[in-house]
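Each remark here refers to the structure printed beneath this line.
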Amino acid sequence: MPEIQMPKLSDTMTEGTLVTWKKKKGDQVSAGEVLAEIETDKATMEWESSEDGTLAEIYVQEGGKVNVGDKIAFIRGEGEEAPKQTPEPKKGEEPATAEEKEKKPRAETEKPAPAESQQEETAPPQQEDAAAAVSTARDEAQQEQSQPKEQKPKETRVKASPVARRIAAELGVDLSAVKGTGPEERITETDVRAAAKSVTGGVDRGRAKPSAPPAVKPGESARVQLSGMRKIIAQRLVESLGPVPHFYLTIDINAGPLMEAREELKSAGEGADAAKITVNDLVLKAAVTAAVKVPRVNASFDGDALVQYADVDLGVAVAIEDGLLTPVIRAAQDKSLREISTSAKDLAHRARNKRMKPEEFQGGTFTVSNLGGMGIDNFSAVINLPQGFILAVGKITKVPVVDDCDQIVIGHRMSITMSCDHRVIDGALGAEYLKELRHLLENPALLML
């Protein structure tokens, strides 16, 4: 059975951090069983075993960073043995070839036999020292066996979520002194914060916290090391805004019909077991339907060609603790409003709890980013390469408007800005898409079909 290597869990991942092992050395594991939690450049995800067997070796301890493809564990099948670990070559040394490795022991063992007169000579000082050391070690071992051994306390493995571990490192809380309230007494973020506030005895003064950012006191400056996710976000933003010619189109939607549709769905009960349809769900459905009606926007730039996508794979921007994830609703054009709503909520929940699979946030043909729930009136977003555009949705606000009878009345308005890659979408094409989007949002009954 092959050794387990650090998997490539995202398209931009080059290294990963082993956050926590769910199994310990010697445990039986089954294919599909969660083996560890790994932090990538985008999220912390559960990593499932692909093999049945025994976790015979763990090469990377919790908190360790390794490159993609490096060995991290060995799962032993029946009758197998863990491979011997060969020492890494020292810095500046070339790794020995297989031929050299074979020659080296042979050269050492095939030394010419010493002459009889030399055999009677005393051993060199180095050999005498080595023999004395072996003898001393043997005597010490015998003495240890004859003396009663001190019982060492067993080390218990603390069960805690990755977020709880991170917060504990930041606040200096000793997890072994915290009582967990989660499933199977697992320590949660809430437990850590409560321990930090209520007791000072839970603070581990002596533990080093290399990965924790320095506490920033009011009036003081500090240099906070970027997480892997923030590094990738910074890199992708430069890659996007630098070479990609962005331009922006903004429209104001009459959101009154959306609010009315939402109230009608609410009064109708929406089904006893169904989660409520939100305004954001209606926006997502409208964005997908408009892309079907104006298919040329559902494309990306690829060197000397444009890639026109058959499916509308909708990216939904989700803010998480360390940055932003864009889980993707695949083939969204084939999904109903209810199905899009359910998929969006499920993906957002798992993204915030860092329980996503790599394929669930890779790809996507365009993205919708909605900051209306955070009180933002309007904004422009950066395109998520290689997509051709992104929609930035603001909040619904009450404003005075002039109606068809030239009367000033209270109306509901929502701003939507479309950031376009000018290599893919021209102004007229973007305007055509937004016209269709406006029509759908101002006539939400069309989204129920």
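As shown in the structure tokens, the chain order sets the letters A, B, ...; within each chain, residues go from 1, and ligands are also counted from 1 in the order they appear.
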Exercise for review: List every residue of stretch 281-446 of chain A that DSSP, applied to the backbone of this structure, places in alpha helix (DSSP H), and write the result as a count of residues only.
Suggested key: 44
Exercise for review: Identify, on the basis of only C-alpha atoms, every residue whose closest approach to A:His412 does not exceed 10 Å; exclude the query and any residue fewer than 4 positions from it along the same chain; express the result as number ranges by chain.
Suggested key: A: 252-259, 395-401
Review point. Which polymer residues have any atom within 6 Å of an atom of stretch 310-320 of chain A, counting only C-alpha atoms, with same-chain residues fewer than 2 positions away left out, as a ChimeraX atom specification?
Key: /A:322-333,352,364-369
Exercise for review: State, in Å with one decimal place, the distance from atom CA of A:Lys357 to atom CA of A:Leu391.
Suggested key: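 Atom-to-atom, atom CA of A:Lys357 to atom CA of A:Leu391, that is 24.4 Å.
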Review point. Hey, what's within 6 Å of A:Gly372 if we count only C-alpha atoms and toss same-chain stuff fewer than 2 positions away? As a list in words, please?
Key: Asn370, Met374, Gly375, Ile376, Gly394 and Lys395 of chain A
Exercise for review: Mind the document's chain letters and residue numbers, and return as a PyMOL selection string the residues of stretch 255-359 of chain A that DSSP labels strand (DSSP E).
Suggested key: chain A and resi 299-302+305-308+314-316+318-320+323-325+328-329
